[in-house]
There are 2 protein chains.
Amino acid sequence: MKDHRVTTENQYTLAEEDYIKAIYHICQQSQEAQTNDIADRLHTKPASVSDMLKKLADKKVLNYIKYRGVTLTEEGMKAALNLVRKHRLWEVFLVEKLNFSWDEVHEVAEQLEHIDSALLIERLDAFLGFPKFDPHGDPIPNEKGEFVVKPHIPLGEMEIGVTGKVLAVQDISASFLQYLNKVGIYIGAKVSILDKIDYDGSLEVKLDEQKTILVSKEVAKNIFVGE
Amino acid sequence: MKDHRVTTENQYTLAEEDYIKAIYHICQQSQEAQTNDIADRLHTKPASVSDMLKKLADKKVLNYIKYRGVTLTEEGMKAALNLVRKHRLWEVFLVEKLNFSWDEVHEVAEQLEHIDSALLIERLDAFLGFPKFDPHGDPIPNEKGEFVVKPHIPLGEMEIGVTGKVLAVQDISASFLQYLNKVGIYIGAKVSILDKIDYDGSLEVKLDEQKTILVSKEVAKNIFVGE
DNA sequence: TAAATTTTTTAGACAAAACTAAAAAATACT
DNA sequence: AGTATTTTTTAGTTTTGTCTAAAAAATTTA
Ligand SMILES: [Mn+2]
Ligand SMILES: [Mn+2]
Ligand SMILES: [Mn+2]
Ligand SMILES: [Mn+2]
C-alpha cells in the first residue's frame with residue numbers, strides 16, 4: 001500500500017529515515033558511525049545494517065567504504081537535520097500543547113517525525129512560537145538546518161561552588177527522566193556542586209538554592225549544565 | 001525497520017489499516033465492499049486486494065466468502081471507527097490550530113491517522129474541545145465508536161423555498177472544495193433553492209440570504225443540507 | 001608477528017505488499 | 001439456455017527490509 005507520504009517532498013522510506021537519523025546521532029558523538037552501533041541503536045542486526053549502508057551509499061546519503069565506519073554526505077546531513085527538526089518540534093507540541101511529560105514524548109515523536117508535509121512543519125513551528133529547544137534541552141534546527149548551541153558541560157565536570165543551570169539531558173530514556181522528576185531536576189533548574197565524594201564519584205548538589213540532593217556519577221554524566 | 005508503532009496498542013499494519021478504512025467507507029454507501037471498489041479507492045490492483053482480503057479474513061477483521069463482497073466484523077468495525085476518529089480529529093487540528101484550509105487537510109490526515117498512541121488521541125481530543133464534526137461536516141466517533149448523525153439530504157433534493165444549512169460535503173477532493181471556496185459555500189452556510197432548471201438539473205441557490213449562485217446537478221449531489 | 005577475538009560483510013531465506021498475466025467464477029445479454 | 005462480458009482469484013514475480021549462518025576483514029592480545 002505504501003505509506004501516504006508524497007515523494008515530491010520526501011525521498012526516503014521510513015526505514016531509511018531512521019537509519020539516517022541514527023547515523024547522525026552517532027556521528028555527533030564519535031566522528032564515524034560503526035555498523036554495530038547503528039544496529040544497537042535501531043534494534044536490528046549488523047547484517048541488516050550492512051545491507052542498508054550499501055543502499056544509502058548508492059543514494060549518495062553517506063560516505064561508505066567497506067569495513068570502515070560511515071559518515072553522512074551533505075545531502076544526508078540535510079535530511080538528518082530535517083528529521084531532527086521535525087522530531088523536536090513534535091516533542092515541543094506534545095509537552096506544551098497536549099500536556100505530555102518529557103518522559104512520554106520520545107516514542108510518539110519517533111513516529112510523528114516521519115509525517116511528510118513541509119507545510120505542516122512550517123505551520124507547527126509558527127504555532128509553537130518558533131521554539132529553539134525541545135523538552136530535553138536539545139536545539140531545534142531551522143528550515144536551513146541551522147541551530148544555536150549553548151556551551152555546556154556534564155554536571156560531573158562542574159567546579160565546586162560555581163552555579164549553573166541545567167541546559168539539557170543526554171539520556172532521554174523514560175526511566176532516567178522519571179528519576180529526574182522524582183529528585184526534582186528539570187531543564188532550567190539552578191544547580192551548584194557542594195561536594196564531590198571521592199569514594200564513588202557521586203555529587204552533593206544544591207538544587208534551586210533550596211534542597212540538597214545526592215546524585216551518582218552515572219547520573220551526573222547525563223546532565224548538561226551551562227550559562 | 002518497522003514503523004515505530006507499538007503492537008500492544010495496534011494490531012494492524014499501515015496497509016491493513018488503509019484497507020479496513022476503505023472497506024468501512026464503501027460499506028457506508030453500499031452494504032458490501034466489492035474487490036474492484038476497494039482497488040479503485042486505494043489505487044491498487046484487484047489482485048492485490050484479493051490477497052489482502054484473505055489476510056484480513058484470517059485475522060477476523062472481515063467476513064469474506066470468495067467471489068462475494070466483504071463486510072467488516074465487529075472487530076473490524078471497531079478498528080475502522082478508531083481510524084476514522086483519528087483522521088477527523090487530526091483534520092480539526094490542522095484547520096483550527098494550524099490554519100489549514102479544508103481542502104489541504106485530507107492527505108496529511110491520511111498519514112497522521114496511523115500514528116499509534118491512545119494517549120495522544122485522548123489529549124488531542126481534549127485540546128480541540130471534543131469536537132463532534134470534522135472540517136467537512138463528517139461526525140467524529142468517540143472512543144467507543146459512537147457518533148451523532150444529523151439528518152441531512154443532498155442539496156439537489158431540497159424543496160424549493162425551504163431554508164437549510166450546509167451540514168457536510170460528500171466529495172472531499174481539493175478541486176471540489178476549492179470550487180466551493182470560490183462560490184462561497186461552506187459548512188454552516190444558509191441555503192435555499194430558488195429554482196430548479198429542468199434542462200440540465202442545475203439549481204439556483206440563495207446563499208446566506210445574500211447572493212444567488214447557480215450550481216450544477218453534479219455539485220448539488222455532493223452537498224448535504226439539513227436542520 | 002602470529003593467534004585469538006571482534007567487527008563487518010556476504011549468502012541465502014523469509015514476510016509484507018505490491019504487480020502482471022492467466023484462470024475461474026459470477027453476471028449480463030441475446 | 002448458452003454465449004459474452006465483467007469480476008475475482010490464483011500463480012508467479014518483484015521490491016523492501018528483515019533475519020541466521022558463515023566467511024572475510026580488521027583489531028587486539030600474547
Ligand atoms: Mn522514527
Ligand atoms: Mn528530545
Ligand atoms: Mn491512511
Ligand atoms: Mn474529513
# chains A, B, ... in the order shown; residues from 1 in each chain; ligands from 1
>>> residues_near_ligand(ligand="ligand 2", cutoff="9 Å", atoms="only C-alpha atoms (C1' of nucleotides) and all ligand atoms", output="ChimeraX atom specification")
/A:84,87-89,91-92,102,105-106,109,133-139,169,172
>>> residues_near_ligand(ligand="ligand 1", cutoff="6 Å", atoms="only C-alpha atoms (C1' of nucleotides) and all ligand atoms", output="list in words")
Asp18, Glu110 and Gln111 of chain A
>>> write_last_selection(atoms="C-alpha atoms", output="PDB file, in the first residue's frame")
ATOM      1  CA  ASP A  18      15.577   6.036  10.830  1.00  0.00           C
ATOM      2  CA  GLU A 110       9.653   8.823  16.732  1.00  0.00           C
ATOM      3  CA  GLN A 111       6.506   8.175  14.687  1.00  0.00           C
TER       4      GLN A 111
END
>>> closest_atom_pairs(of="chain B", to="ligand 3", cutoff="12 Å", atoms="only C-alpha atoms and all ligand atoms", output="Markdown table")
| residue | atom | partner | partner_atom_place_in_ligand_line | distance |
| --- | --- | --- | --- | --- |
| B:Thr13 | CA | ligand 3 | 1 (Mn) | 10.7 |
| B:Leu14 | CA | ligand 3 | 1 (Mn) | 7.2 |
| B:Ala15 | CA | ligand 3 | 1 (Mn) | 7.9 |
| B:Glu16 | CA | ligand 3 | 1 (Mn) | 9.6 |
| B:Glu17 | CA | ligand 3 | 1 (Mn) | 7.1 |
| B:Asp18 | CA | ligand 3 | 1 (Mn) | 5.2 |
| B:Tyr19 | CA | ligand 3 | 1 (Mn) | 8.9 |
| B:Ile20 | CA | ligand 3 | 1 (Mn) | 10.0 |
| B:Lys21 | CA | ligand 3 | 1 (Mn) | 8.1 |
| B:Ala22 | CA | ligand 3 | 1 (Mn) | 9.3 |
| B:Arg41 | CA | ligand 3 | 1 (Mn) | 11.6 |
| B:Leu42 | CA | ligand 3 | 1 (Mn) | 9.6 |
| B:Ala80 | CA | ligand 3 | 1 (Mn) | 11.3 |
| B:Leu83 | CA | ligand 3 | 1 (Mn) | 8.5 |
| B:Val84 | CA | ligand 3 | 1 (Mn) | 9.8 |
| B:Lys86 | CA | ligand 3 | 1 (Mn) | 10.3 |
| B:His87 | CA | ligand 3 | 1 (Mn) | 8.2 |
| B:Arg88 | CA | ligand 3 | 1 (Mn) | 11.7 |
| B:Trp90 | CA | ligand 3 | 1 (Mn) | 11.9 |
| B:His106 | CA | ligand 3 | 1 (Mn) | 9.5 |
| B:Glu107 | CA | ligand 3 | 1 (Mn) | 8.2 |
| B:Val108 | CA | ligand 3 | 1 (Mn) | 8.8 |
| B:Ala109 | CA | ligand 3 | 1 (Mn) | 7.3 |
| B:Glu110 | CA | ligand 3 | 1 (Mn) | 3.8 |
| B:Gln111 | CA | ligand 3 | 1 (Mn) | 5.1 |
| B:Leu112 | CA | ligand 3 | 1 (Mn) | 7.5 |
| B:Glu113 | CA | ligand 3 | 1 (Mn) | 6.1 |
| B:His114 | CA | ligand 3 | 1 (Mn) | 6.3 |
| B:Ile115 | CA | ligand 3 | 1 (Mn) | 9.8 |
>>> interface_residues(of="chain C", to="chain A", cutoff="9 Å", atoms="only C-alpha atoms (C1' of nucleotides)", output="ChimeraX atom specification")
/C:7-10,17-18
>>> select_by_dssp(residues="segment 14-218 of chain B", states="strand (DSSP E)", output="ChimeraX atom specification")
/B:62-63,71-72,152-154,163-169,190-196,203-207,212-215
>>> closest_residue(among="B:Glu122, B:Glu74, B:Asp37, B:Glu32", to="chain D", atoms="only C-alpha atoms (C1' of nucleotides)")
B:Asp37
>>> residues_around(residues="Glu227 of chain B", least_positions_apart="2", cutoff="8 Å", atoms="only C-alpha atoms (C1' of nucleotides)", output="ChimeraX atom specification")
/B:150-152,164-165,225
>>> write_last_selection(atoms="C-alpha atoms", output="PDB file, in the first residue's frame")
ATOM      1  CA  LYS B 150     -27.580  14.960  11.917  1.00  0.00           C
ATOM      2  CA  PRO B 151     -30.322  14.102   9.417  1.00  0.00           C
ATOM      3  CA  HIS B 152     -29.403  15.526   6.038  1.00  0.00           C
ATOM      4  CA  GLY B 164     -31.484  24.848   5.357  1.00  0.00           C
ATOM      5  CA  LYS B 165     -27.871  24.809   6.379  1.00  0.00           C
ATOM      6  CA  VAL B 225     -28.100  20.123   3.847  1.00  0.00           C
TER       7      VAL B 225
END
>>> residues_around(residues="segment 219-222 of chain A", least_positions_apart="6", cutoff="6 Å", atoms="only C-alpha atoms (C1' of nucleotides)", output="list of chain:residue names")
A:Pro154, A:Leu155, A:Gly156, A:Val169, A:Gln170, A:Asp171
>>> interface_residues(of="chain D", to="chain B", cutoff="10 Å", atoms="only C-alpha atoms (C1' of nucleotides)", output="CSV table (one decimal) with all heavy atoms, in the first residue's frame")
chain,number,residue,atom,x,y,z
D,7,DT,P,-17.0,-5.0,-13.8
D,7,DT,OP1,-17.9,-4.1,-13.0
D,7,DT,OP2,-15.8,-4.6,-14.4
D,7,DT,O5',-16.7,-6.2,-12.8
D,7,DT,C5',-17.8,-7.0,-12.3
D,7,DT,C4',-17.2,-8.1,-11.4
D,7,DT,O4',-16.6,-9.1,-12.2
D,7,DT,C3',-16.1,-7.6,-10.5
D,7,DT,O3',-16.5,-8.0,-9.2
D,7,DT,C2',-14.8,-8.3,-11.0
D,7,DT,C1',-15.4,-9.5,-11.7
D,7,DT,N1,-14.5,-10.0,-12.8
D,7,DT,C2,-14.3,-11.4,-12.9
D,7,DT,O2,-14.6,-12.2,-12.0
D,7,DT,N3,-13.5,-11.8,-14.0
D,7,DT,C4,-13.0,-11.0,-15.0
D,7,DT,O4,-12.4,-11.4,-15.9
D,7,DT,C5,-13.4,-9.6,-14.9
D,7,DT,C7,-12.9,-8.6,-15.9
D,7,DT,C6,-14.1,-9.2,-13.8
D,8,DT,P,-15.6,-7.8,-7.9
D,8,DT,OP1,-16.5,-7.8,-6.7
D,8,DT,OP2,-14.7,-6.7,-8.1
D,8,DT,O5',-14.7,-9.1,-7.8
D,8,DT,C5',-15.4,-10.4,-7.6
D,8,DT,C4',-14.4,-11.5,-7.6
D,8,DT,O4',-13.8,-11.6,-8.9
D,8,DT,C3',-13.2,-11.3,-6.7
D,8,DT,O3',-13.3,-12.3,-5.7
D,8,DT,C2',-12.0,-11.4,-7.5
D,8,DT,C1',-12.5,-12.0,-8.8
D,8,DT,N1,-11.8,-11.7,-10.1
D,8,DT,C2,-11.2,-12.7,-10.8
D,8,DT,O2,-11.3,-13.9,-10.5
D,8,DT,N3,-10.6,-12.3,-12.0
D,8,DT,C4,-10.5,-11.0,-12.4
D,8,DT,O4,-9.9,-10.8,-13.5
D,8,DT,C5,-11.1,-10.0,-11.6
D,8,DT,C7,-11.0,-8.6,-12.0
D,8,DT,C6,-11.7,-10.4,-10.5
D,9,DT,P,-12.2,-12.5,-4.6
D,9,DT,OP1,-12.9,-13.1,-3.4
D,9,DT,OP2,-11.5,-11.2,-4.4
D,9,DT,O5',-11.3,-13.6,-5.2
D,9,DT,C5',-11.8,-14.8,-5.6
D,9,DT,C4',-10.8,-15.6,-6.3
D,9,DT,O4',-10.4,-14.9,-7.5
D,9,DT,C3',-9.5,-15.9,-5.5
D,9,DT,O3',-9.3,-17.3,-5.4
D,9,DT,C2',-8.4,-15.2,-6.3
D,9,DT,C1',-9.0,-15.2,-7.7
D,9,DT,N1,-8.5,-14.1,-8.6
D,9,DT,C2,-7.9,-14.4,-9.8
D,9,DT,O2,-7.7,-15.5,-10.2
D,9,DT,N3,-7.5,-13.3,-10.5
D,9,DT,C4,-7.7,-11.9,-10.2
D,9,DT,O4,-7.3,-11.0,-10.9
D,9,DT,C5,-8.3,-11.7,-8.9
D,9,DT,C7,-8.6,-10.3,-8.5
D,9,DT,C6,-8.7,-12.8,-8.2
D,10,DT,P,-8.1,-17.9,-4.6
D,10,DT,OP1,-8.6,-19.2,-4.0
D,10,DT,OP2,-7.6,-16.8,-3.7
D,10,DT,O5',-7.0,-18.2,-5.7
D,10,DT,C5',-7.3,-19.2,-6.7
D,10,DT,C4',-6.2,-19.3,-7.7
D,10,DT,O4',-6.0,-18.0,-8.4
D,10,DT,C3',-4.8,-19.6,-7.1
D,10,DT,O3',-4.3,-20.7,-7.8
D,10,DT,C2',-4.0,-18.3,-7.2
D,10,DT,C1',-4.7,-17.7,-8.5
D,10,DT,N1,-4.6,-16.3,-8.7
D,10,DT,C2,-4.0,-15.8,-9.8
D,10,DT,O2,-3.6,-16.5,-10.7
D,10,DT,N3,-4.0,-14.4,-9.9
D,10,DT,C4,-4.5,-13.5,-9.0
D,10,DT,O4,-4.4,-12.3,-9.2
D,10,DT,C5,-5.0,-14.1,-7.8
D,10,DT,C7,-5.5,-13.2,-6.7
D,10,DT,C6,-5.0,-15.4,-7.7
D,16,DT,P,13.1,-1.2,-3.8
D,16,DT,OP1,13.0,0.2,-4.1
D,16,DT,OP2,14.4,-1.9,-4.1
D,16,DT,O5',12.8,-1.5,-2.3
D,16,DT,C5',11.5,-1.1,-1.8
D,16,DT,C4',11.3,-1.6,-0.4
D,16,DT,O4',11.1,-3.0,-0.4
D,16,DT,C3',12.6,-1.3,0.5
D,16,DT,O3',12.2,-0.6,1.6
D,16,DT,C2',13.1,-2.7,0.8
D,16,DT,C1',11.9,-3.6,0.7
D,16,DT,N1,12.1,-5.0,0.3
D,16,DT,C2,11.3,-6.0,1.0
D,16,DT,O2,10.5,-5.7,1.9
D,16,DT,N3,11.5,-7.3,0.6
D,16,DT,C4,12.4,-7.7,-0.3
D,16,DT,O4,12.5,-8.9,-0.6
D,16,DT,C5,13.2,-6.7,-1.0
D,16,DT,C7,14.2,-7.0,-2.1
D,16,DT,C6,13.0,-5.4,-0.6
D,17,DG,P,13.2,0.0,2.6
D,17,DG,OP1,12.6,1.2,3.3
D,17,DG,OP2,14.5,0.1,1.9
D,17,DG,O5',13.3,-1.1,3.8
D,17,DG,C5',12.2,-1.5,4.5
D,17,DG,C4',12.5,-2.7,5.3
D,17,DG,O4',12.6,-3.9,4.4
D,17,DG,C3',13.8,-2.7,6.0
D,17,DG,O3',13.6,-3.0,7.4
D,17,DG,C2',14.7,-3.7,5.4
D,17,DG,C1',13.6,-4.7,4.9
D,17,DG,N9,14.1,-5.6,3.8
D,17,DG,C8,14.9,-5.3,2.7
D,17,DG,N7,15.2,-6.4,2.0
D,17,DG,C5,14.5,-7.4,2.6
D,17,DG,C6,14.3,-8.8,2.2
D,17,DG,O6,14.8,-9.4,1.3
D,17,DG,N1,13.5,-9.5,3.1
D,17,DG,C2,12.9,-8.9,4.2
D,17,DG,N2,12.1,-9.7,5.0
D,17,DG,N3,13.0,-7.6,4.6
D,17,DG,C4,13.8,-6.9,3.7
D,18,DT,P,14.7,-2.7,8.5
D,18,DT,OP1,14.0,-1.9,9.5
D,18,DT,OP2,15.9,-2.2,7.9
D,18,DT,O5',15.1,-4.2,9.1
D,18,DT,C5',14.2,-4.9,9.8
D,18,DT,C4',14.2,-6.4,9.5
D,18,DT,O4',14.3,-6.6,8.1
D,18,DT,C3',15.3,-7.2,10.0
D,18,DT,O3',15.3,-7.4,11.4
D,18,DT,C2',15.0,-8.5,9.3
D,18,DT,C1',14.5,-8.0,7.9
D,18,DT,N1,15.4,-8.3,6.8
D,18,DT,C2,15.4,-9.6,6.3
D,18,DT,O2,14.8,-10.5,6.7
D,18,DT,N3,16.2,-9.7,5.2
D,18,DT,C4,17.0,-8.8,4.6
D,18,DT,O4,17.7,-9.0,3.6
D,18,DT,C5,16.9,-7.5,5.2
D,18,DT,C7,17.7,-6.3,4.6
D,18,DT,C6,16.1,-7.3,6.2
>>> select_by_dssp(residues="segment 30-169 of chain B", states="alpha helix (DSSP H)", output="MDAnalysis selection string")
chainID B and resid 30 35:42 46:58 74:96 106:112 118:127
>>> closest_residue(among="A:Ala39, A:Val61, A:Ala79, A:Ile140", to="chain B", atoms="only C-alpha atoms")
A:Ala39
>>> closest_residue(among="D:DA1, D:DT13, D:DT20, D:DT6", to="DG12 of chain C", atoms="only C-alpha atoms (C1' of nucleotides)")
D:DT20
